[in-house]
Amino acid sequence: MSGLHTPICDLFQIETPIFLAGMGGVAYADVCAAVSEAGGYGTLGMAGAAPEAIREEMQKVRALTDKPFGVDLLAALPDSIDAAADVIIEEGASAFIAGLGVPGPVISKFHEANVKVISMCGKVGHAVAAEAAGCDAVVAQGTEAGGHTGRVAGIALIPQIVDAVEIPVLAAGSIVDGRGLAAALAFGAQGVWMGTRFIASEEARAAKVYKERILGAGSADTIVTRCYSGKPMRNITNPYIEVCERHPEEILRFPEQAAISNREGVMNLTLDSWAEMDPERSCMPAGQGVGGIEEILSAREIVRRVRAEALEVLERLAALR
């Protein structure tokens, strides 16, 4: 265990530097609590959720674990962050994670309540800005990651962000096993931010067809498209995306395009809409790491295997000296 105990573990009071990505519609109470219980850091993906819905889900987490966990929202929707900040603080999250931008206006509010702030970054400049704004850590997310993503590959981005900031860096993008964690540490990151691997977990709140597509997809079966939200998002490709990509001029900006997707029934990431999830049309975010995922496991087993394999890799590399 000590071989994987990096400084970020002390900062977030966890045993192993494996963080659950705050995936909207997927990272809910069961998988969040399970990752925290396994020694990692669980994150609720609450993008688009109303404050009281966030409160309810946080209370479910707390009923399942007394370990630290965080809440993820989109900085591109600042009004939702303002409305949810008090709930996030009151219900005991130890960190707030912002996607699609730096949550500048609320950082001081979270810090006053002893809540740490993490920013998702797809460029070096994003990380520099996040550090300047007072964020406690950043996630260097390569374009190979699932969901909303940038254009720079992780093998280039992660070490460059490590060199550019003094605050801790987590690595993200197609990290699905212990080799990915070991590689992240070699790049200078202090841990990993894992999403797609946890979609294929027993506890993830994802439709059965979604999990099956994760298992059946290869690394070349994803595409970055704006057709669902209006912002670049890596998804498992399907005929709906292929049609939309033939007419990119018709895709609107965020959040207008997201509203259209909701009306057309292709953003099936809520419990009520699972039965309508159509693999030929529906939004199924996933990273290129899908090619390395072959079975659905418990979140605890995923954390255990990633940790054990990373230690084996590091020990093997140390023997080469």
# chains A, B, ... in the order shown; residues from 1 in each chain; ligands from 1
$ residues_around --residues "segment 36-51 of chain A" --least-positions-apart "4" --cutoff "6 Å" --atoms "only C-alpha atoms" --output "list of chain:residue names"
A:Ile14, A:Glu15, A:Thr16, A:Ile18, A:Phe19, A:Leu20, A:Gly22, A:Met23, A:Gly24, A:Ala27, A:Tyr28, A:Cys32, A:Lys67, A:Phe69, A:Gly70, A:Val71, A:Asp72, A:Leu73, A:Leu74, A:Ala84, A:Arg300
$ write_last_selection --atoms "N, CA and C atoms" --output "JSON list (two decimals), in the first residue's frame"
[["chain", "number", "residue", "atom", "x", "y", "z"],
["A", 14, "ILE", "N", -7.10, 9.72, 1.81],
["A", 14, "ILE", "CA", -7.44, 8.43, 1.22],
["A", 14, "ILE", "C", -6.21, 7.52, 1.24],
["A", 15, "GLU", "N", -6.42, 6.24, 0.96],
["A", 15, "GLU", "CA", -5.34, 5.27, 1.00],
["A", 15, "GLU", "C", -4.63, 5.12, -0.35],
["A", 16, "THR", "N", -5.39, 5.19, -1.41],
["A", 16, "THR", "CA", -4.88, 4.90, -2.75],
["A", 16, "THR", "C", -5.27, 6.02, -3.71],
["A", 18, "ILE", "N", -6.61, 6.67, -6.45],
["A", 18, "ILE", "CA", -7.53, 6.33, -7.53],
["A", 18, "ILE", "C", -8.82, 7.10, -7.29],
["A", 19, "PHE", "N", -9.11, 8.03, -8.18],
["A", 19, "PHE", "CA", -10.29, 8.90, -8.04],
["A", 19, "PHE", "C", -11.34, 8.48, -9.06],
["A", 20, "LEU", "N", -12.57, 8.35, -8.62],
["A", 20, "LEU", "CA", -13.69, 8.08, -9.52],
["A", 20, "LEU", "C", -14.06, 9.37, -10.25],
["A", 22, "GLY", "N", -16.29, 12.09, -12.01],
["A", 22, "GLY", "CA", -17.66, 12.52, -11.73],
["A", 22, "GLY", "C", -18.53, 12.50, -12.97],
["A", 23, "MET", "N", -18.86, 11.32, -13.43],
["A", 23, "MET", "CA", -19.60, 11.14, -14.69],
["A", 23, "MET", "C", -21.09, 11.39, -14.49],
["A", 24, "GLY", "N", -21.60, 12.42, -15.18],
["A", 24, "GLY", "CA", -23.01, 12.73, -15.07],
["A", 24, "GLY", "C", -23.88, 11.57, -15.51],
["A", 27, "ALA", "N", -22.08, 8.30, -12.19],
["A", 27, "ALA", "CA", -21.40, 8.29, -10.89],
["A", 27, "ALA", "C", -22.33, 8.79, -9.80],
["A", 28, "TYR", "N", -23.20, 7.88, -9.35],
["A", 28, "TYR", "CA", -24.15, 8.20, -8.29],
["A", 28, "TYR", "C", -23.73, 7.51, -7.00],
["A", 32, "CYS", "N", -20.00, 5.75, -6.04],
["A", 32, "CYS", "CA", -19.20, 6.76, -5.32],
["A", 32, "CYS", "C", -18.78, 6.22, -3.97],
["A", 67, "LYS", "N", -16.32, 7.68, 4.58],
["A", 67, "LYS", "CA", -15.08, 8.09, 3.93],
["A", 67, "LYS", "C", -15.30, 9.36, 3.10],
["A", 69, "PHE", "N", -15.61, 12.05, 0.07],
["A", 69, "PHE", "CA", -16.07, 12.00, -1.32],
["A", 69, "PHE", "C", -16.29, 13.41, -1.83],
["A", 70, "GLY", "N", -16.42, 13.56, -3.14],
["A", 70, "GLY", "CA", -16.60, 14.87, -3.74],
["A", 70, "GLY", "C", -17.81, 14.94, -4.64],
["A", 71, "VAL", "N", -18.07, 16.15, -5.15],
["A", 71, "VAL", "CA", -19.19, 16.39, -6.06],
["A", 71, "VAL", "C", -18.68, 17.12, -7.29],
["A", 72, "ASP", "N", -19.09, 16.67, -8.46],
["A", 72, "ASP", "CA", -18.65, 17.22, -9.74],
["A", 72, "ASP", "C", -19.81, 17.93, -10.43],
["A", 73, "LEU", "N", -19.58, 19.19, -10.84],
["A", 73, "LEU", "CA", -20.55, 19.96, -11.62],
["A", 73, "LEU", "C", -19.80, 20.65, -12.76],
["A", 74, "LEU", "N", -20.55, 21.24, -13.70],
["A", 74, "LEU", "CA", -19.94, 21.92, -14.84],
["A", 74, "LEU", "C", -19.76, 23.41, -14.56],
["A", 84, "ALA", "N", -25.93, 25.20, -5.97],
["A", 84, "ALA", "CA", -25.62, 23.94, -5.29],
["A", 84, "ALA", "C", -24.52, 24.07, -4.23],
["A", 300, "ARG", "N", -14.92, -2.18, -5.82],
["A", 300, "ARG", "CA", -13.84, -2.58, -4.91],
["A", 300, "ARG", "C", -12.80, -3.42, -5.63]]
$ select_by_dssp --residues "segment 65-98 of chain A" --states "strand (DSSP E or B)" --output "ChimeraX atom specification"
/A:69-74,95-98
$ write_last_selection --atoms "N, CA and C atoms" --output "short mmCIF file (atom, residue, chain, number, x, y, z; two decimals), in the first residue's frame"
data_model
loop_
_atom_site.label_atom_id
_atom_site.label_comp_id
_atom_site.auth_asym_id
_atom_site.auth_seq_id
_atom_site.Cartn_x
_atom_site.Cartn_y
_atom_site.Cartn_z
N PHE A 69 -15.61 12.05 0.07
CA PHE A 69 -16.07 12.00 -1.32
C PHE A 69 -16.29 13.41 -1.83
N GLY A 70 -16.42 13.56 -3.14
CA GLY A 70 -16.60 14.87 -3.74
C GLY A 70 -17.81 14.94 -4.64
N VAL A 71 -18.07 16.15 -5.15
CA VAL A 71 -19.19 16.39 -6.06
C VAL A 71 -18.68 17.12 -7.29
N ASP A 72 -19.09 16.67 -8.46
CA ASP A 72 -18.65 17.22 -9.74
C ASP A 72 -19.81 17.93 -10.43
N LEU A 73 -19.58 19.19 -10.84
CA LEU A 73 -20.55 19.96 -11.62
C LEU A 73 -19.80 20.65 -12.76
N LEU A 74 -20.55 21.24 -13.70
CA LEU A 74 -19.94 21.92 -14.84
C LEU A 74 -19.76 23.41 -14.56
N ALA A 95 -14.60 17.77 -1.36
CA ALA A 95 -14.05 18.43 -2.54
C ALA A 95 -15.16 18.75 -3.54
N PHE A 96 -14.95 19.83 -4.27
CA PHE A 96 -15.81 20.19 -5.40
C PHE A 96 -14.95 20.10 -6.65
N ILE A 97 -15.48 19.44 -7.68
CA ILE A 97 -14.74 19.25 -8.92
C ILE A 97 -15.50 19.96 -10.04
N ALA A 98 -14.79 20.78 -10.81
CA ALA A 98 -15.41 21.56 -11.87
C ALA A 98 -14.96 21.09 -13.24
#
$ select_by_dssp --residues "segment 103-223 of chain A" --states "alpha helix (DSSP H)" --output "PDB file with C-alpha atoms, in the first residue's frame"
ATOM      1  CA  GLY A 104     -13.376  31.134  -9.954  1.00  0.00           C
ATOM      2  CA  PRO A 105     -16.258  32.906  -8.154  1.00  0.00           C
ATOM      3  CA  VAL A 106     -16.974  30.046  -5.716  1.00  0.00           C
ATOM      4  CA  ILE A 107     -13.466  28.851  -4.887  1.00  0.00           C
ATOM      5  CA  SER A 108     -13.132  31.107  -1.848  1.00  0.00           C
ATOM      6  CA  LYS A 109     -16.559  30.021  -0.597  1.00  0.00           C
ATOM      7  CA  PHE A 110     -15.563  26.378  -0.737  1.00  0.00           C
ATOM      8  CA  HIS A 111     -12.198  27.067   0.865  1.00  0.00           C
ATOM      9  CA  GLU A 112     -13.842  28.921   3.743  1.00  0.00           C
ATOM     10  CA  VAL A 124      -1.661  23.479 -20.052  1.00  0.00           C
ATOM     11  CA  GLY A 125      -3.146  26.973 -19.973  1.00  0.00           C
ATOM     12  CA  HIS A 126      -6.255  25.650 -18.251  1.00  0.00           C
ATOM     13  CA  ALA A 127      -4.132  24.196 -15.438  1.00  0.00           C
ATOM     14  CA  VAL A 128      -2.104  27.385 -15.023  1.00  0.00           C
ATOM     15  CA  ALA A 129      -5.328  29.391 -14.779  1.00  0.00           C
ATOM     16  CA  ALA A 130      -6.792  26.941 -12.279  1.00  0.00           C
ATOM     17  CA  GLU A 131      -3.741  27.197 -10.027  1.00  0.00           C
ATOM     18  CA  ALA A 132      -3.798  30.997 -10.249  1.00  0.00           C
ATOM     19  CA  ALA A 133      -7.469  30.990  -9.255  1.00  0.00           C
ATOM     20  CA  GLY A 154      -2.546  12.493 -22.442  1.00  0.00           C
ATOM     21  CA  ILE A 155       1.008  11.335 -23.153  1.00  0.00           C
ATOM     22  CA  ALA A 156       1.792  14.940 -24.105  1.00  0.00           C
ATOM     23  CA  LEU A 157      -0.548  16.760 -21.734  1.00  0.00           C
ATOM     24  CA  ILE A 158       0.089  15.065 -18.403  1.00  0.00           C
ATOM     25  CA  PRO A 159       3.850  15.713 -18.059  1.00  0.00           C
ATOM     26  CA  GLN A 160       3.478  19.228 -19.469  1.00  0.00           C
ATOM     27  CA  ILE A 161       0.862  20.134 -16.862  1.00  0.00           C
ATOM     28  CA  VAL A 162       3.000  18.532 -14.137  1.00  0.00           C
ATOM     29  CA  ASP A 163       5.847  20.831 -15.196  1.00  0.00           C
ATOM     30  CA  ALA A 164       3.613  23.907 -15.415  1.00  0.00           C
ATOM     31  CA  GLY A 178      -2.665  -0.610 -13.063  1.00  0.00           C
ATOM     32  CA  ARG A 179      -0.318  -0.002 -15.980  1.00  0.00           C
ATOM     33  CA  GLY A 180      -2.113   3.290 -16.551  1.00  0.00           C
ATOM     34  CA  LEU A 181      -1.697   4.265 -12.903  1.00  0.00           C
ATOM     35  CA  ALA A 182       2.013   3.387 -12.995  1.00  0.00           C
ATOM     36  CA  ALA A 183       2.443   5.398 -16.194  1.00  0.00           C
ATOM     37  CA  ALA A 184       0.665   8.383 -14.632  1.00  0.00           C
ATOM     38  CA  LEU A 185       3.044   8.276 -11.668  1.00  0.00           C
ATOM     39  CA  ALA A 186       5.992   8.056 -14.060  1.00  0.00           C
ATOM     40  CA  THR A 196     -14.882   4.508 -18.313  1.00  0.00           C
ATOM     41  CA  ARG A 197     -13.492   1.548 -16.327  1.00  0.00           C
ATOM     42  CA  PHE A 198     -16.013   2.317 -13.550  1.00  0.00           C
ATOM     43  CA  ILE A 199     -18.960   2.486 -15.957  1.00  0.00           C
ATOM     44  CA  LYS A 208     -27.384  -2.623 -18.968  1.00  0.00           C
ATOM     45  CA  VAL A 209     -27.101  -1.867 -22.686  1.00  0.00           C
ATOM     46  CA  TYR A 210     -24.569   0.884 -21.921  1.00  0.00           C
ATOM     47  CA  LYS A 211     -22.374  -1.456 -19.906  1.00  0.00           C
ATOM     48  CA  GLU A 212     -22.647  -4.077 -22.639  1.00  0.00           C
ATOM     49  CA  ARG A 213     -21.506  -1.558 -25.254  1.00  0.00           C
ATOM     50  CA  ILE A 214     -18.503  -0.718 -23.066  1.00  0.00           C
ATOM     51  CA  LEU A 215     -17.531  -4.401 -23.000  1.00  0.00           C
ATOM     52  CA  GLY A 216     -18.080  -4.890 -26.710  1.00  0.00           C
TER      53      GLY A 216
END
$ closest_residue --among "A:Ile241, A:Ala153, A:Val61, A:Ala145" --to "Glu280 of chain A" --atoms "only C-alpha atoms"
A:Ile241
$ closest_residue --among "A:Arg205, A:Ile81, A:Pro168, A:Thr6" --to "Ala29 of chain A" --atoms "only C-alpha atoms"
A:Arg205
$ closest_residue --among "A:Gly218, A:Gly289, A:Gly92, A:Pro255" --to "Lys231 of chain A" --atoms "only C-alpha atoms"
A:Pro255
$ residues_around --residues "Val87 of chain A" --least-positions-apart "5" --cutoff "10 Å" --atoms "only C-alpha atoms" --output "PyMOL selection string"
chain A and resi 51-56+58+81-82+92-93
$ atom_distance --atom1 "atom CA of Glu202 of chain A" --atom2 "atom CA of Ile296 of chain A"
6.3 Å
$ residues_around --residues "segment 246-250 of chain A" --least-positions-apart "3" --cutoff "10 Å" --atoms "only C-alpha atoms" --output "VMD selection string"
chain A and resid 225 to 227 241 to 243 253 257
$ write_last_selection --atoms "C-alpha atoms" --output "JSON list (two decimals), in the first residue's frame"
[["chain", "number", "residue", "atom", "x", "y", "z"],
["A", 225, "THR", "CA", -18.65, 14.78, -31.44],
["A", 226, "ARG", "CA", -20.56, 17.94, -30.55],
["A", 227, "CYS", "CA", -23.90, 16.46, -31.55],
["A", 241, "ILE", "CA", -23.63, 10.41, -34.59],
["A", 242, "GLU", "CA", -22.57, 9.50, -38.12],
["A", 243, "VAL", "CA", -25.58, 11.34, -39.58],
["A", 253, "ARG", "CA", -23.60, 25.51, -29.19],
["A", 257, "GLN", "CA", -27.66, 21.49, -28.39]]
$ closest_residue --among "A:Ala200, A:Ala207, A:Met267, A:Leu64" --to "Ser282 of chain A" --atoms "only C-alpha atoms"
A:Met267
$ closest_atom_pairs --of "segment 121-206 of chain A" --to "segment 284-288 of chain A" --cutoff "7 Å" --atoms "only C-alpha atoms" --output "tab-separated table"
residue	atom	partner	partner_atom	distance
A:Glu144	CA	A:Gln288	CA	5.5
A:Ala145	CA	A:Gly287	CA	4.3
A:Gly146	CA	A:Gly287	CA	3.6
A:Gly147	CA	A:Pro285	CA	4.8
A:Gly173	CA	A:Gly287	CA	6.7
A:Ser174	CA	A:Gly287	CA	5.5
A:Thr196	CA	A:Ala286	CA	5.5
$ write_last_selection --atoms "C-alpha atoms" --output "PDB file, in the first residue's frame"
ATOM      1  CA  GLU A 144      -8.571   9.910 -25.384  1.00  0.00           C
ATOM      2  CA  ALA A 145     -10.837  10.300 -22.340  1.00  0.00           C
ATOM      3  CA  GLY A 146     -14.566   9.712 -22.500  1.00  0.00           C
ATOM      4  CA  GLY A 147     -17.150  12.455 -22.170  1.00  0.00           C
ATOM      5  CA  GLY A 173      -7.771   9.534 -20.283  1.00  0.00           C
ATOM      6  CA  SER A 174      -8.063   5.810 -21.084  1.00  0.00           C
ATOM      7  CA  THR A 196     -14.882   4.508 -18.313  1.00  0.00           C
TER       8      THR A 196
END
$ decode --residues "segment 285-318 of chain A" --atoms "N, CA and C atoms" --output "PDB file, in the first residue's frame"
ATOM      1  N   PRO A 285     -21.113   8.092 -23.455  1.00  0.00           N
ATOM      2  CA  PRO A 285     -19.728   8.551 -23.335  1.00  0.00           C
ATOM      3  C   PRO A 285     -18.792   7.421 -22.935  1.00  0.00           C
ATOM      4  N   ALA A 286     -17.631   7.385 -23.559  1.00  0.00           N
ATOM      5  CA  ALA A 286     -16.622   6.371 -23.223  1.00  0.00           C
ATOM      6  C   ALA A 286     -15.291   6.784 -23.822  1.00  0.00           C
ATOM      7  N   GLY A 287     -14.217   6.441 -23.150  1.00  0.00           N
ATOM      8  CA  GLY A 287     -12.882   6.741 -23.642  1.00  0.00           C
ATOM      9  C   GLY A 287     -12.336   5.613 -24.502  1.00  0.00           C
ATOM     10  N   GLN A 288     -11.203   5.859 -25.121  1.00  0.00           N
ATOM     11  CA  GLN A 288     -10.588   4.854 -25.978  1.00  0.00           C
ATOM     12  C   GLN A 288     -10.084   3.644 -25.193  1.00  0.00           C
ATOM     13  N   GLY A 289     -10.061   3.765 -23.886  1.00  0.00           N
ATOM     14  CA  GLY A 289      -9.686   2.633 -23.045  1.00  0.00           C
ATOM     15  C   GLY A 289     -10.692   1.504 -23.054  1.00  0.00           C
ATOM     16  N   VAL A 290     -11.867   1.700 -23.722  1.00  0.00           N
ATOM     17  CA  VAL A 290     -12.868   0.624 -23.767  1.00  0.00           C
ATOM     18  C   VAL A 290     -12.274  -0.665 -24.318  1.00  0.00           C
ATOM     19  N   GLY A 291     -11.281  -0.537 -25.188  1.00  0.00           N
ATOM     20  CA  GLY A 291     -10.680  -1.733 -25.774  1.00  0.00           C
ATOM     21  C   GLY A 291      -9.991  -2.620 -24.763  1.00  0.00           C
ATOM     22  N   GLY A 292      -9.727  -2.106 -23.576  1.00  0.00           N
ATOM     23  CA  GLY A 292      -9.056  -2.884 -22.535  1.00  0.00           C
ATOM     24  C   GLY A 292      -9.981  -3.325 -21.416  1.00  0.00           C
ATOM     25  N   ILE A 293     -11.292  -3.162 -21.602  1.00  0.00           N
ATOM     26  CA  ILE A 293     -12.268  -3.536 -20.564  1.00  0.00           C
ATOM     27  C   ILE A 293     -13.043  -4.750 -21.045  1.00  0.00           C
ATOM     28  N   GLU A 294     -12.963  -5.848 -20.320  1.00  0.00           N
ATOM     29  CA  GLU A 294     -13.547  -7.101 -20.783  1.00  0.00           C
ATOM     30  C   GLU A 294     -14.592  -7.688 -19.847  1.00  0.00           C
ATOM     31  N   GLU A 295     -14.735  -7.132 -18.638  1.00  0.00           N
ATOM     32  CA  GLU A 295     -15.716  -7.701 -17.720  1.00  0.00           C
ATOM     33  C   GLU A 295     -16.223  -6.647 -16.743  1.00  0.00           C
ATOM     34  N   ILE A 296     -17.418  -6.885 -16.256  1.00  0.00           N
ATOM     35  CA  ILE A 296     -18.003  -6.029 -15.232  1.00  0.00           C
ATOM     36  C   ILE A 296     -17.563  -6.549 -13.873  1.00  0.00           C
ATOM     37  N   LEU A 297     -16.992  -5.663 -13.075  1.00  0.00           N
ATOM     38  CA  LEU A 297     -16.485  -6.028 -11.759  1.00  0.00           C
ATOM     39  C   LEU A 297     -17.082  -5.109 -10.706  1.00  0.00           C
ATOM     40  N   SER A 298     -16.951  -5.460  -9.463  1.00  0.00           N
ATOM     41  CA  SER A 298     -17.327  -4.534  -8.398  1.00  0.00           C
ATOM     42  C   SER A 298     -16.316  -3.395  -8.365  1.00  0.00           C
ATOM     43  N   ALA A 299     -16.739  -2.245  -7.890  1.00  0.00           N
ATOM     44  CA  ALA A 299     -15.830  -1.106  -7.788  1.00  0.00           C
ATOM     45  C   ALA A 299     -14.652  -1.446  -6.878  1.00  0.00           C
ATOM     46  N   ARG A 300     -14.924  -2.178  -5.823  1.00  0.00           N
ATOM     47  CA  ARG A 300     -13.843  -2.580  -4.908  1.00  0.00           C
ATOM     48  C   ARG A 300     -12.804  -3.420  -5.633  1.00  0.00           C
ATOM     49  N   GLU A 301     -13.265  -4.350  -6.459  1.00  0.00           N
ATOM     50  CA  GLU A 301     -12.335  -5.217  -7.174  1.00  0.00           C
ATOM     51  C   GLU A 301     -11.538  -4.422  -8.211  1.00  0.00           C
ATOM     52  N   ILE A 302     -12.171  -3.440  -8.838  1.00  0.00           N
ATOM     53  CA  ILE A 302     -11.446  -2.595  -9.792  1.00  0.00           C
ATOM     54  C   ILE A 302     -10.317  -1.860  -9.080  1.00  0.00           C
ATOM     55  N   VAL A 303     -10.629  -1.248  -7.942  1.00  0.00           N
ATOM     56  CA  VAL A 303      -9.603  -0.532  -7.183  1.00  0.00           C
ATOM     57  C   VAL A 303      -8.498  -1.496  -6.761  1.00  0.00           C
ATOM     58  N   ARG A 304      -8.872  -2.676  -6.283  1.00  0.00           N
ATOM     59  CA  ARG A 304      -7.875  -3.645  -5.822  1.00  0.00           C
ATOM     60  C   ARG A 304      -6.948  -4.058  -6.962  1.00  0.00           C
ATOM     61  N   ARG A 305      -7.538  -4.380  -8.116  1.00  0.00           N
ATOM     62  CA  ARG A 305      -6.720  -4.841  -9.234  1.00  0.00           C
ATOM     63  C   ARG A 305      -5.803  -3.736  -9.769  1.00  0.00           C
ATOM     64  N   VAL A 306      -6.337  -2.543  -9.886  1.00  0.00           N
ATOM     65  CA  VAL A 306      -5.520  -1.435 -10.394  1.00  0.00           C
ATOM     66  C   VAL A 306      -4.344  -1.176  -9.460  1.00  0.00           C
ATOM     67  N   ARG A 307      -4.629  -1.166  -8.165  1.00  0.00           N
ATOM     68  CA  ARG A 307      -3.567  -0.937  -7.183  1.00  0.00           C
ATOM     69  C   ARG A 307      -2.517  -2.047  -7.246  1.00  0.00           C
ATOM     70  N   ALA A 308      -2.962  -3.305  -7.265  1.00  0.00           N
ATOM     71  CA  ALA A 308      -2.035  -4.436  -7.263  1.00  0.00           C
ATOM     72  C   ALA A 308      -1.183  -4.461  -8.532  1.00  0.00           C
ATOM     73  N   GLU A 309      -1.801  -4.220  -9.667  1.00  0.00           N
ATOM     74  CA  GLU A 309      -1.046  -4.249 -10.917  1.00  0.00           C
ATOM     75  C   GLU A 309      -0.055  -3.099 -10.987  1.00  0.00           C
ATOM     76  N   ALA A 310      -0.460  -1.929 -10.506  1.00  0.00           N
ATOM     77  CA  ALA A 310       0.460  -0.787 -10.514  1.00  0.00           C
ATOM     78  C   ALA A 310       1.688  -1.082  -9.663  1.00  0.00           C
ATOM     79  N   LEU A 311       1.483  -1.693  -8.499  1.00  0.00           N
ATOM     80  CA  LEU A 311       2.614  -2.037  -7.646  1.00  0.00           C
ATOM     81  C   LEU A 311       3.524  -3.050  -8.328  1.00  0.00           C
ATOM     82  N   GLU A 312       2.947  -4.021  -9.020  1.00  0.00           N
ATOM     83  CA  GLU A 312       3.750  -5.008  -9.744  1.00  0.00           C
ATOM     84  C   GLU A 312       4.594  -4.348 -10.828  1.00  0.00           C
ATOM     85  N   VAL A 313       3.976  -3.417 -11.558  1.00  0.00           N
ATOM     86  CA  VAL A 313       4.700  -2.713 -12.623  1.00  0.00           C
ATOM     87  C   VAL A 313       5.846  -1.900 -12.038  1.00  0.00           C
ATOM     88  N   LEU A 314       5.573  -1.169 -10.963  1.00  0.00           N
ATOM     89  CA  LEU A 314       6.604  -0.329 -10.358  1.00  0.00           C
ATOM     90  C   LEU A 314       7.747  -1.174  -9.801  1.00  0.00           C
ATOM     91  N   GLU A 315       7.407  -2.316  -9.222  1.00  0.00           N
ATOM     92  CA  GLU A 315       8.451  -3.203  -8.691  1.00  0.00           C
ATOM     93  C   GLU A 315       9.296  -3.776  -9.826  1.00  0.00           C
ATOM     94  N   ARG A 316       8.654  -4.123 -10.945  1.00  0.00           N
ATOM     95  CA  ARG A 316       9.379  -4.659 -12.100  1.00  0.00           C
ATOM     96  C   ARG A 316      10.319  -3.607 -12.683  1.00  0.00           C
ATOM     97  N   LEU A 317       9.860  -2.391 -12.742  1.00  0.00           N
ATOM     98  CA  LEU A 317      10.696  -1.299 -13.284  1.00  0.00           C
ATOM     99  C   LEU A 317      11.861  -1.006 -12.343  1.00  0.00           C
ATOM    100  N   ALA A 318      11.585  -1.075 -11.039  1.00  0.00           N
ATOM    101  CA  ALA A 318      12.666  -0.824 -10.078  1.00  0.00           C
ATOM    102  C   ALA A 318      13.759  -1.875 -10.197  1.00  0.00           C
TER     103      ALA A 318
END
